[in-house]
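Coordinates from start31.cif are shown below (mmCIF, C-alpha atoms and all ligand atoms; chains and numbers go by the auth columns).
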data_coords
loop_
_atom_site.group_PDB
_atom_site.id
_atom_site.type_symbol
_atom_site.label_atom_id
_atom_site.label_comp_id
_atom_site.label_asym_id
_atom_site.label_seq_id
_atom_site.Cartn_x
_atom_site.Cartn_y
_atom_site.Cartn_z
_atom_site.B_iso_or_equiv
_atom_site.auth_seq_id
_atom_site.auth_asym_id
ATOM 1 C CA MET A 1 -12.898 147.225 178.363 0.00 1 S
ATOM 2 C CA PHE A 2 -16.559 147.513 177.404 0.00 2 S
ATOM 3 C CA VAL A 3 -17.264 147.386 173.720 0.00 3 S
ATOM 4 C CA ILE A 4 -20.676 148.410 172.420 0.00 4 S
ATOM 5 C CA LEU A 5 -21.511 147.601 168.854 0.00 5 S
ATOM 6 C CA ASN A 6 -23.892 150.026 167.196 0.00 6 S
ATOM 7 C CA ARG A 7 -25.408 149.766 163.777 0.00 7 S
ATOM 8 C CA THR A 8 -24.213 152.378 161.337 0.00 8 S
ATOM 9 C CA GLU A 9 -26.612 154.751 159.634 0.00 9 S
ATOM 10 C CA SER A 10 -26.279 152.852 156.374 0.00 10 S
ATOM 11 C CA GLY A 11 -26.815 149.602 158.255 0.00 11 S
ATOM 12 C CA LEU A 12 -30.052 150.983 159.662 0.00 12 S
ATOM 13 C CA ARG A 13 -31.118 152.196 156.243 0.00 13 S
ATOM 14 C CA ASN A 14 -30.518 148.672 154.938 0.00 14 S
ATOM 15 C CA GLU A 15 -32.766 147.285 157.652 0.00 15 S
ATOM 16 C CA LEU A 16 -35.430 149.814 156.691 0.00 16 S
ATOM 17 C CA ASN A 17 -35.174 148.949 152.998 0.00 17 S
ATOM 18 C CA GLU A 18 -35.455 145.241 153.689 0.00 18 S
ATOM 19 C CA CYS A 19 -38.410 145.819 155.975 0.00 19 S
ATOM 20 C CA LEU A 20 -40.170 147.861 153.276 0.00 20 S
ATOM 21 C CA GLN A 21 -39.357 145.227 150.653 0.00 21 S
ATOM 22 C CA ILE A 22 -40.914 142.510 152.790 0.00 22 S
ATOM 23 C CA ILE A 23 -43.997 144.697 153.284 0.00 23 S
ATOM 24 C CA SER A 24 -44.346 145.481 149.557 0.00 24 S
ATOM 25 C CA THR A 25 -43.923 141.865 148.487 0.00 25 S
ATOM 26 C CA SER A 26 -46.299 140.616 151.179 0.00 26 S
ATOM 27 C CA LEU A 27 -48.913 143.186 150.156 0.00 27 S
ATOM 28 C CA GLN A 28 -48.923 141.591 146.701 0.00 28 S
ATOM 29 C CA THR A 29 -49.064 138.083 148.100 0.00 29 S
ATOM 30 C CA VAL A 30 -51.677 138.715 150.788 0.00 30 S
ATOM 31 C CA LYS A 31 -54.365 139.319 148.149 0.00 31 S
ATOM 32 C CA ASP A 32 -54.326 135.576 147.424 0.00 32 S
ATOM 33 C CA ASN A 33 -53.021 134.328 150.716 0.00 33 S
ATOM 34 C CA LYS A 34 -54.354 135.879 153.917 0.00 34 S
ATOM 35 C CA SER A 35 -51.662 134.234 156.029 0.00 35 S
ATOM 36 C CA PHE A 36 -49.251 136.936 154.849 0.00 36 S
ATOM 37 C CA ASN A 37 -51.048 139.342 157.185 0.00 37 S
ATOM 38 C CA LYS A 38 -48.829 137.762 159.819 0.00 38 S
ATOM 39 C CA VAL A 39 -45.683 138.717 157.959 0.00 39 S
ATOM 40 C CA LEU A 40 -47.003 142.255 157.525 0.00 40 S
ATOM 41 C CA ALA A 41 -47.969 142.572 161.183 0.00 41 S
ATOM 42 C CA VAL A 42 -44.513 141.599 162.416 0.00 42 S
ATOM 43 C CA GLN A 43 -42.809 144.048 160.065 0.00 43 S
ATOM 44 C CA LEU A 44 -45.200 146.827 161.162 0.00 44 S
ATOM 45 C CA ARG A 45 -44.370 146.070 164.765 0.00 45 S
ATOM 46 C CA ILE A 46 -40.638 146.265 164.109 0.00 46 S
ATOM 47 C CA LEU A 47 -41.080 149.486 162.200 0.00 47 S
ATOM 48 C CA LEU A 48 -43.684 151.338 164.281 0.00 48 S
ATOM 49 C CA CYS A 49 -44.228 149.992 167.767 0.00 49 S
ATOM 50 C CA ASP A 50 -41.453 147.739 168.932 0.00 50 S
ATOM 51 C CA THR A 51 -40.304 147.837 172.530 0.00 51 S
ATOM 52 C CA LYS A 52 -37.306 146.314 174.232 0.00 52 S
ATOM 53 C CA PHE A 53 -37.207 145.903 178.018 0.00 53 S
ATOM 54 C CA GLY A 54 -40.268 148.174 178.137 0.00 54 S
ATOM 55 C CA ARG A 55 -38.599 150.943 176.178 0.00 55 S
ATOM 56 C CA GLU A 56 -39.341 152.305 172.727 0.00 56 S
ATOM 57 C CA ASN A 57 -37.348 150.430 170.111 0.00 57 S
ATOM 58 C CA SER A 58 -39.067 151.126 166.778 0.00 58 S
ATOM 59 C CA LEU A 59 -37.040 151.208 163.600 0.00 59 S
ATOM 60 C CA ILE A 60 -38.797 154.333 162.314 0.00 60 S
ATOM 61 C CA ASN A 61 -37.385 156.356 165.220 0.00 61 S
ATOM 62 C CA LYS A 62 -33.877 155.209 164.318 0.00 62 S
ATOM 63 C CA VAL A 63 -34.136 156.374 160.728 0.00 63 S
ATOM 64 C CA ARG A 64 -36.336 159.482 161.098 0.00 64 S
ATOM 65 C CA THR A 65 -36.315 162.285 163.636 0.00 65 S
ATOM 66 C CA ASN A 66 -39.729 162.796 165.252 0.00 66 S
ATOM 67 C CA PRO A 67 -41.657 161.148 162.418 0.00 67 S
ATOM 68 C CA MET A 68 -45.170 162.437 161.766 0.00 68 S
ATOM 69 C CA LEU A 69 -47.757 160.191 160.189 0.00 69 S
ATOM 70 C CA LYS A 70 -51.059 160.922 158.529 0.00 70 S
ATOM 71 C CA CYS A 71 -54.126 160.853 160.808 0.00 71 S
ATOM 72 C CA ILE A 72 -56.735 158.216 160.149 0.00 72 S
ATOM 73 C CA ASN A 73 -60.223 159.386 159.241 0.00 73 S
ATOM 74 C CA ASN A 74 -62.829 159.543 161.950 0.00 74 S
ATOM 75 C CA ASN A 75 -65.890 158.046 160.255 0.00 75 S
ATOM 76 C CA PHE A 76 -67.111 155.189 162.386 0.00 76 S
ATOM 77 C CA THR A 77 -69.565 152.736 160.831 0.00 77 S
ATOM 78 C CA SER A 78 -71.740 150.293 162.707 0.00 78 S
ATOM 79 C CA TYR A 79 -70.748 146.668 162.050 0.00 79 S
ATOM 80 C CA MET A 80 -73.759 144.832 160.570 0.00 80 S
ATOM 81 C CA ASN A 81 -75.811 147.900 161.606 0.00 81 S
ATOM 82 C CA ALA A 82 -76.222 146.453 165.087 0.00 82 S
ATOM 83 C CA GLY A 83 -74.651 149.207 167.167 0.00 83 S
ATOM 84 C CA LEU A 84 -72.572 146.646 169.028 0.00 84 S
ATOM 85 C CA ILE A 85 -69.330 147.402 167.213 0.00 85 S
ATOM 86 C CA GLU A 86 -68.321 150.697 165.636 0.00 86 S
ATOM 87 C CA PHE A 87 -65.368 150.635 163.276 0.00 87 S
ATOM 88 C CA ILE A 88 -63.590 152.729 160.671 0.00 88 S
ATOM 89 C CA GLN A 89 -63.748 150.893 157.370 0.00 89 S
ATOM 90 C CA PRO A 90 -60.194 149.657 156.800 0.00 90 S
ATOM 91 C CA GLU A 91 -60.148 150.495 153.089 0.00 91 S
ATOM 92 C CA PHE A 92 -60.858 154.162 153.878 0.00 92 S
ATOM 93 C CA LEU A 93 -58.596 154.402 156.905 0.00 93 S
ATOM 94 C CA PHE A 94 -56.339 157.101 155.519 0.00 94 S
ATOM 95 C CA GLU A 95 -58.811 158.880 153.292 0.00 95 S
ATOM 96 C CA GLU A 96 -59.872 162.503 153.726 0.00 96 S
ATOM 97 C CA SER A 97 -57.109 163.332 156.108 0.00 97 S
ATOM 98 C CA ASN A 98 -54.673 166.214 155.793 0.00 98 S
ATOM 99 C CA SER A 99 -53.290 166.425 159.293 0.00 99 S
ATOM 100 C CA SER A 100 -50.537 164.378 160.868 0.00 100 S
ATOM 101 C CA LEU A 101 -49.605 163.169 164.319 0.00 101 S
ATOM 102 C CA PHE A 102 -46.399 162.206 166.075 0.00 102 S
ATOM 103 C CA LEU A 103 -45.880 158.455 166.236 0.00 103 S
ATOM 104 C CA GLU A 104 -47.090 157.929 169.799 0.00 104 S
ATOM 105 C CA ALA A 105 -50.394 159.780 169.259 0.00 105 S
ATOM 106 C CA TRP A 106 -50.761 158.225 165.837 0.00 106 S
ATOM 107 C CA LEU A 107 -50.538 154.723 167.309 0.00 107 S
ATOM 108 C CA ASN A 108 -53.135 155.621 169.938 0.00 108 S
ATOM 109 C CA GLN A 109 -55.904 156.454 167.449 0.00 109 S
ATOM 110 C CA ASP A 110 -59.023 154.298 167.848 0.00 110 S
ATOM 111 C CA VAL A 111 -60.144 152.212 164.907 0.00 111 S
ATOM 112 C CA ILE A 112 -62.681 149.886 166.562 0.00 112 S
ATOM 113 C CA LYS A 113 -65.019 150.602 169.495 0.00 113 S
ATOM 114 C CA SER A 114 -66.787 147.545 170.778 0.00 114 S
ATOM 115 C CA ASN A 115 -69.477 146.790 173.331 0.00 115 S
ATOM 116 C CA VAL A 116 -69.198 143.042 172.886 0.00 116 S
ATOM 117 C CA SER A 117 -69.168 141.403 176.297 0.00 117 S
ATOM 118 C CA TYR A 118 -69.491 137.943 177.762 0.00 118 S
ATOM 119 C CA GLN A 119 -73.204 138.742 178.117 0.00 119 S
ATOM 120 C CA SER A 120 -73.421 139.097 174.338 0.00 120 S
ATOM 121 C CA LEU A 121 -71.985 135.581 174.032 0.00 121 S
ATOM 122 C CA ASP A 122 -74.674 134.130 176.319 0.00 122 S
ATOM 123 C CA ASN A 123 -77.362 134.592 173.685 0.00 123 S
ATOM 124 C CA CYS A 124 -75.518 132.813 170.901 0.00 124 S
ATOM 125 C CA TYR A 125 -77.588 130.068 169.321 0.00 125 S
ATOM 126 C CA CYS A 126 -76.628 126.581 170.481 0.00 126 S
ATOM 127 C CA PRO A 127 -76.813 124.082 167.593 0.00 127 S
ATOM 128 C CA TYR A 128 -77.061 121.162 170.063 0.00 128 S
ATOM 129 C CA CYS A 129 -80.102 122.144 172.120 0.00 129 S
ATOM 130 C CA GLY A 130 -81.416 125.130 170.191 0.00 130 S
ATOM 131 C CA SER A 131 -81.132 127.503 173.114 0.00 131 S
ATOM 132 C CA GLY A 132 -80.437 131.177 172.457 0.00 132 S
ATOM 133 C CA ASP A 133 -82.243 133.795 170.463 0.00 133 S
ATOM 134 C CA ASN A 134 -82.440 132.085 167.109 0.00 134 S
ATOM 135 C CA SER A 135 -85.420 133.695 165.478 0.00 135 S
ATOM 136 C CA ARG A 136 -83.348 135.205 162.700 0.00 136 S
ATOM 137 C CA THR A 137 -80.871 132.542 161.737 0.00 137 S
ATOM 138 C CA SER A 138 -81.583 129.143 163.243 0.00 138 S
ATOM 139 C CA ASN A 139 -83.657 127.551 160.509 0.00 139 S
ATOM 140 C CA SER A 140 -80.819 126.883 158.103 0.00 140 S
ATOM 141 C CA ARG A 141 -78.183 125.754 160.560 0.00 141 S
ATOM 142 C CA ASN A 142 -77.085 122.301 161.566 0.00 142 S
ATOM 143 C CA ILE A 143 -74.216 121.082 163.690 0.00 143 S
ATOM 144 C CA GLN A 144 -72.015 120.081 160.762 0.00 144 S
ATOM 145 C CA GLU A 145 -72.365 123.513 159.249 0.00 145 S
ATOM 146 C CA VAL A 146 -71.544 125.206 162.532 0.00 146 S
ATOM 147 C CA GLN A 147 -68.408 123.096 162.960 0.00 147 S
ATOM 148 C CA ASN A 148 -67.140 123.849 159.488 0.00 148 S
ATOM 149 C CA ARG A 149 -67.223 127.625 159.723 0.00 149 S
ATOM 150 C CA GLU A 150 -64.139 129.698 160.234 0.00 150 S
ATOM 151 C CA CYS A 151 -64.348 130.622 163.901 0.00 151 S
ATOM 152 C CA PHE A 152 -61.807 131.759 166.435 0.00 152 S
ATOM 153 C CA ILE A 153 -63.578 131.018 169.698 0.00 153 S
ATOM 154 C CA MET A 154 -65.570 128.243 171.336 0.00 154 S
ATOM 155 C CA ILE A 155 -68.255 128.959 173.875 0.00 155 S
ATOM 156 C CA MET A 156 -70.117 126.665 176.221 0.00 156 S
ATOM 157 C CA CYS A 157 -73.915 126.535 176.133 0.00 157 S
ATOM 158 C CA GLN A 158 -75.382 127.638 179.461 0.00 158 S
ATOM 159 C CA ASN A 159 -78.332 125.338 178.852 0.00 159 S
ATOM 160 C CA CYS A 160 -76.898 121.972 177.742 0.00 160 S
ATOM 161 C CA GLY A 161 -73.171 122.381 178.381 0.00 161 S
ATOM 162 C CA ALA A 162 -72.154 121.647 174.789 0.00 162 S
ATOM 163 C CA LYS A 163 -69.226 123.555 173.349 0.00 163 S
ATOM 164 C CA PHE A 164 -69.534 125.090 169.922 0.00 164 S
ATOM 165 C CA PRO A 165 -67.646 127.640 167.818 0.00 165 S
ATOM 166 C CA VAL A 166 -68.972 131.125 167.158 0.00 166 S
ATOM 167 C CA ASN A 167 -67.751 134.030 165.105 0.00 167 S
ATOM 168 C CA LEU A 168 -68.385 137.738 165.247 0.00 168 S
ATOM 169 C CA ASP A 169 -71.420 137.529 162.982 0.00 169 S
ATOM 170 C CA ASN A 170 -73.049 134.964 165.290 0.00 170 S
ATOM 171 C CA ILE A 171 -72.439 137.230 168.248 0.00 171 S
ATOM 172 C CA ILE A 172 -73.996 140.173 166.424 0.00 172 S
ATOM 173 C CA ASP A 173 -76.928 137.963 165.381 0.00 173 S
ATOM 174 C CA ALA A 174 -77.515 136.989 168.985 0.00 174 S
ATOM 175 C CA TYR A 175 -77.304 140.566 170.179 0.00 175 S
ATOM 176 C CA GLU A 176 -80.644 141.890 171.410 0.00 176 S
ATOM 177 C CA GLY A 177 -79.973 145.584 171.145 0.00 177 S
ATOM 178 C CA LYS A 178 -79.236 146.162 174.817 0.00 178 S
ATOM 179 C CA ILE A 179 -75.901 147.455 176.006 0.00 179 S
ATOM 180 C CA GLU A 180 -75.926 147.320 179.768 0.00 180 S
ATOM 181 C CA ASN A 181 -72.990 148.084 182.032 0.00 181 S
ATOM 182 C CA VAL A 182 -70.591 146.856 179.466 0.00 182 S
ATOM 183 C CA GLU A 183 -67.060 148.020 179.637 0.00 183 S
ATOM 184 C CA SER A 184 -66.518 149.067 176.084 0.00 184 S
ATOM 185 C CA VAL A 185 -63.287 148.046 174.416 0.00 185 S
ATOM 186 C CA ASN A 186 -61.439 150.505 172.208 0.00 186 S
ATOM 187 C CA ILE A 187 -58.913 149.115 169.800 0.00 187 S
ATOM 188 C CA THR A 188 -56.138 151.339 168.528 0.00 188 S
ATOM 189 C CA ILE A 189 -53.710 151.062 165.639 0.00 189 S
ATOM 190 C CA ARG A 190 -51.082 149.916 168.128 0.00 190 S
ATOM 191 C CA ASP A 191 -53.429 147.230 169.512 0.00 191 S
ATOM 192 C CA ILE A 192 -54.046 145.848 166.060 0.00 192 S
ATOM 193 C CA ILE A 193 -50.393 145.700 165.087 0.00 193 S
ATOM 194 C CA LYS A 194 -49.115 144.342 168.401 0.00 194 S
ATOM 195 C CA ASN A 195 -51.953 141.942 169.046 0.00 195 S
ATOM 196 C CA TYR A 196 -51.826 140.559 165.519 0.00 196 S
ATOM 197 C CA ALA A 197 -48.057 140.285 165.566 0.00 197 S
ATOM 198 C CA ASN A 198 -47.751 138.928 169.093 0.00 198 S
ATOM 199 C CA LYS A 199 -50.790 136.715 169.523 0.00 199 S
ATOM 200 C CA ASN A 200 -52.272 135.921 166.167 0.00 200 S
ATOM 201 C CA GLY A 201 -49.554 133.940 164.535 0.00 201 S
ATOM 202 C CA GLY A 202 -46.911 136.553 163.919 0.00 202 S
ATOM 203 C CA ALA A 203 -44.628 135.591 166.753 0.00 203 S
ATOM 204 C CA HIS A 204 -46.998 133.671 169.062 0.00 204 S
ATOM 205 C CA ILE A 205 -50.388 131.981 168.895 0.00 205 S
ATOM 206 C CA ASP A 206 -52.509 132.223 172.011 0.00 206 S
ATOM 207 C CA SER A 207 -55.062 129.549 172.772 0.00 207 S
ATOM 208 C CA GLU A 208 -57.286 131.825 174.776 0.00 208 S
ATOM 209 C CA LEU A 209 -58.668 134.918 173.176 0.00 209 S
ATOM 210 C CA ASP A 210 -60.232 137.805 175.056 0.00 210 S
ATOM 211 C CA ILE A 211 -62.788 140.057 173.371 0.00 211 S
ATOM 212 C CA LYS A 212 -60.065 142.310 172.048 0.00 212 S
ATOM 213 C CA GLY A 213 -58.200 139.294 170.679 0.00 213 S
ATOM 214 C CA LEU A 214 -61.336 137.979 169.001 0.00 214 S
ATOM 215 C CA LEU A 215 -62.061 141.316 167.325 0.00 215 S
ATOM 216 C CA ILE A 216 -58.501 141.632 166.086 0.00 216 S
ATOM 217 C CA ALA A 217 -58.408 138.019 164.877 0.00 217 S
ATOM 218 C CA GLU A 218 -61.593 138.601 162.865 0.00 218 S
ATOM 219 C CA LEU A 219 -61.207 142.189 161.735 0.00 219 S
ATOM 220 C CA GLY A 220 -57.493 142.917 162.073 0.00 220 S
ATOM 221 C CA GLY A 221 -56.198 141.577 158.765 0.00 221 S
ATOM 222 C CA GLU A 222 -57.775 144.280 156.626 0.00 222 S
ATOM 223 C CA TYR A 223 -56.331 146.976 158.886 0.00 223 S
ATOM 224 C CA ILE A 224 -52.904 145.394 158.757 0.00 224 S
ATOM 225 C CA GLN A 225 -53.039 145.655 154.961 0.00 225 S
ATOM 226 C CA SER A 226 -54.334 149.190 154.953 0.00 226 S
ATOM 227 C CA ILE A 227 -51.659 150.384 157.401 0.00 227 S
ATOM 228 C CA SER A 228 -48.970 148.541 155.421 0.00 228 S
ATOM 229 C CA GLN A 229 -50.089 150.217 152.211 0.00 229 S
ATOM 230 C CA TYR A 230 -49.909 153.622 153.850 0.00 230 S
ATOM 231 C CA ILE A 231 -46.474 152.929 155.341 0.00 231 S
ATOM 232 C CA VAL A 232 -45.060 152.023 151.930 0.00 232 S
ATOM 233 C CA GLU A 233 -46.425 155.309 150.565 0.00 233 S
ATOM 234 C CA TYR A 234 -45.112 157.252 153.557 0.00 234 S
ATOM 235 C CA PHE A 235 -41.562 156.033 153.049 0.00 235 S
ATOM 236 C CA SER A 236 -41.632 156.453 149.287 0.00 236 S
ATOM 237 C CA GLU A 237 -42.684 160.096 149.821 0.00 237 S
ATOM 238 C CA THR A 238 -40.105 160.829 152.497 0.00 238 S
ATOM 239 C CA GLU A 239 -37.297 158.675 151.130 0.00 239 S
ATOM 240 C CA ALA A 240 -35.132 161.507 149.898 0.00 240 S
ATOM 241 C CA GLY A 241 -32.610 161.099 152.703 0.00 241 S
HETATM 242 ZN ZN ZN B . -77.152 123.958 174.217 0.00 301 G
#
Please re-express this file's structure in structure tokens.
Amino acid sequence: MFVILNRTESGLRNELNECLQIISTSLQTVKDNKSFNKVLAVQLRILLCDTKFGRENSLINKVRTNPMLKCINNNFTSYMNAGLIEFIQPEFLFEESNSSLFLEAWLNQDVIKSNVSYQSLDNCYCPYCGSGDNSRTSNSRNIQEVQNRECFIMIMCQNCGAKFPVNLDNIIDAYEGKIENVESVNITIRDIIKNYANKNGGAHIDSELDIKGLLIAELGGEYIQSISQYIVEYFSETEAG
């Protein structure tokens, strides 16, 4: 005989409560310790966008019928005023919004639109040979300083072959205002949660980052917190049942 064990409704509600407790506690802790973004990201994945064998497996769908979540606002700002990256400021993500969306559409909302490409990386200033457009920032930099910054990716200088770390601000600094034939990358709420949870130290750490991975590694943490904050509010408002 085949026996299938299912969780009871109260068992599922327990899981939900524990998940929300972890989120609330981590939201307090993350203010002083950014590494708790990883804890938040994993809980958000479990709650909002988990899959199992390619099929939807989110906790929210087990405890709510057709949940509807508040739309994010649609005010994109240019990162460092360069036009290379447009993003919704994470602290205002859920402001000024009165409408809601079903989970799937809610997860598919764009929060970052980027035109960063491998061409943008080519112009980054090389601290070893000085190549790259450095008119704005080169004078105060030395190799030690470059090595000590918090950076997620290394690039190789096309001129001298040296490898050095760069961050998003360096890429924007090197950007010359041209966006040519670049396949723009849109990053959704789902991308941020899943990428952060799966690749950024939630459940895995990848050694190689693509552009999307770089953007989420640099910018994702604030979104993770903002989404977590909203989710706590959402469940406290709908937690009658
Ligand atoms: Zn070089």
Would you kindly translate the PyMOL selection byres (((not hetatm)) within 12 of (chain G and resi 301)) into the concrete residues it picks from this file, as a list in words?
Asp122, Asn123, Cys124, Tyr125, Cys126, Pro127, Tyr128, Cys129, Gly130, Ser131, Gly132, Asp133, Ile143, Ile155, Met156, Cys157, Gln158, Asn159, Cys160, Gly161, Ala162, Lys163 and Phe164 of chain S
Pull out every residue that the PyMOL selection byres (((chain S and resi 66-72) around 7) and not hetatm) matches in the shown coordinates and put them as a PyMOL selection string.
chain S and resi 61+64-65+73-74+93-94+97-103+106
Rounded to one decimal place, report the atom CA of Val166 of chain S-atom CA of Arg190 of chain S distance in Å.
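The value is 26.0 Å.
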Name the residues captured by the PyMOL selection byres (((chain S and resi 213-217) around 9) and not hetatm) when it is applied to the shown file; answer as a ChimeraX atom specification.
/S:112,114,152-153,167-168,187,191-192,195-196,199-200,208-212,218-221
Using all atoms listed in the file, which residue out of S:Phe92, S:Tyr223, S:Tyr230, S:Tyr118 lies closest to Tyr175 of chain S?
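Closest residue, counting all atoms listed in the file: S:Tyr118.
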Residue neighbourhood Asn115 of chain S, 9 Å, only C-alpha atoms, exclusion window fewer than 4 positions, as a PyMOL selection string
chain S and resi 83-86+120+179+182-186
Atom pair atom CA of Leu107 of chain S / atom CA of Glu9 of chain S: separation (Å):
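It comes out at 25.1 Å.
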Residues near Gln43 of chain S, anyone? I mean within 8 Å using only C-alpha atoms, not counting same-chain ones fewer than 3 positions away, as number ranges by chain.
S: 19, 22-23, 39-40, 46-47
Nearest candidate to Asp110 of chain S (options S:Leu20, S:Ile224, S:Phe87, S:Gly177; using all atoms listed in the file):
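Smallest distance to Asp110 of chain S is found for S:Phe87.
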Which residues, written as an MDAnalysis selection string, have at least one atom at most 8 Å from Leu44 of chain S, with all atoms listed in the file counted and residues fewer than 4 positions away on the same chain left out?
chainID S and resid 40 48:49 193 228
Around all the atoms of segment 218-234 of chain S listed in the file, draw an axis-aligned box and extend it by 5 Å on each of the six sides; I want its centre and edge lengths in Å to one decimal, as JSON.
{"center_x": -53.3, "center_y": 147.9, "center_z": 156.7, "size_x": 26.5, "size_y": 28.7, "size_z": 22.3}
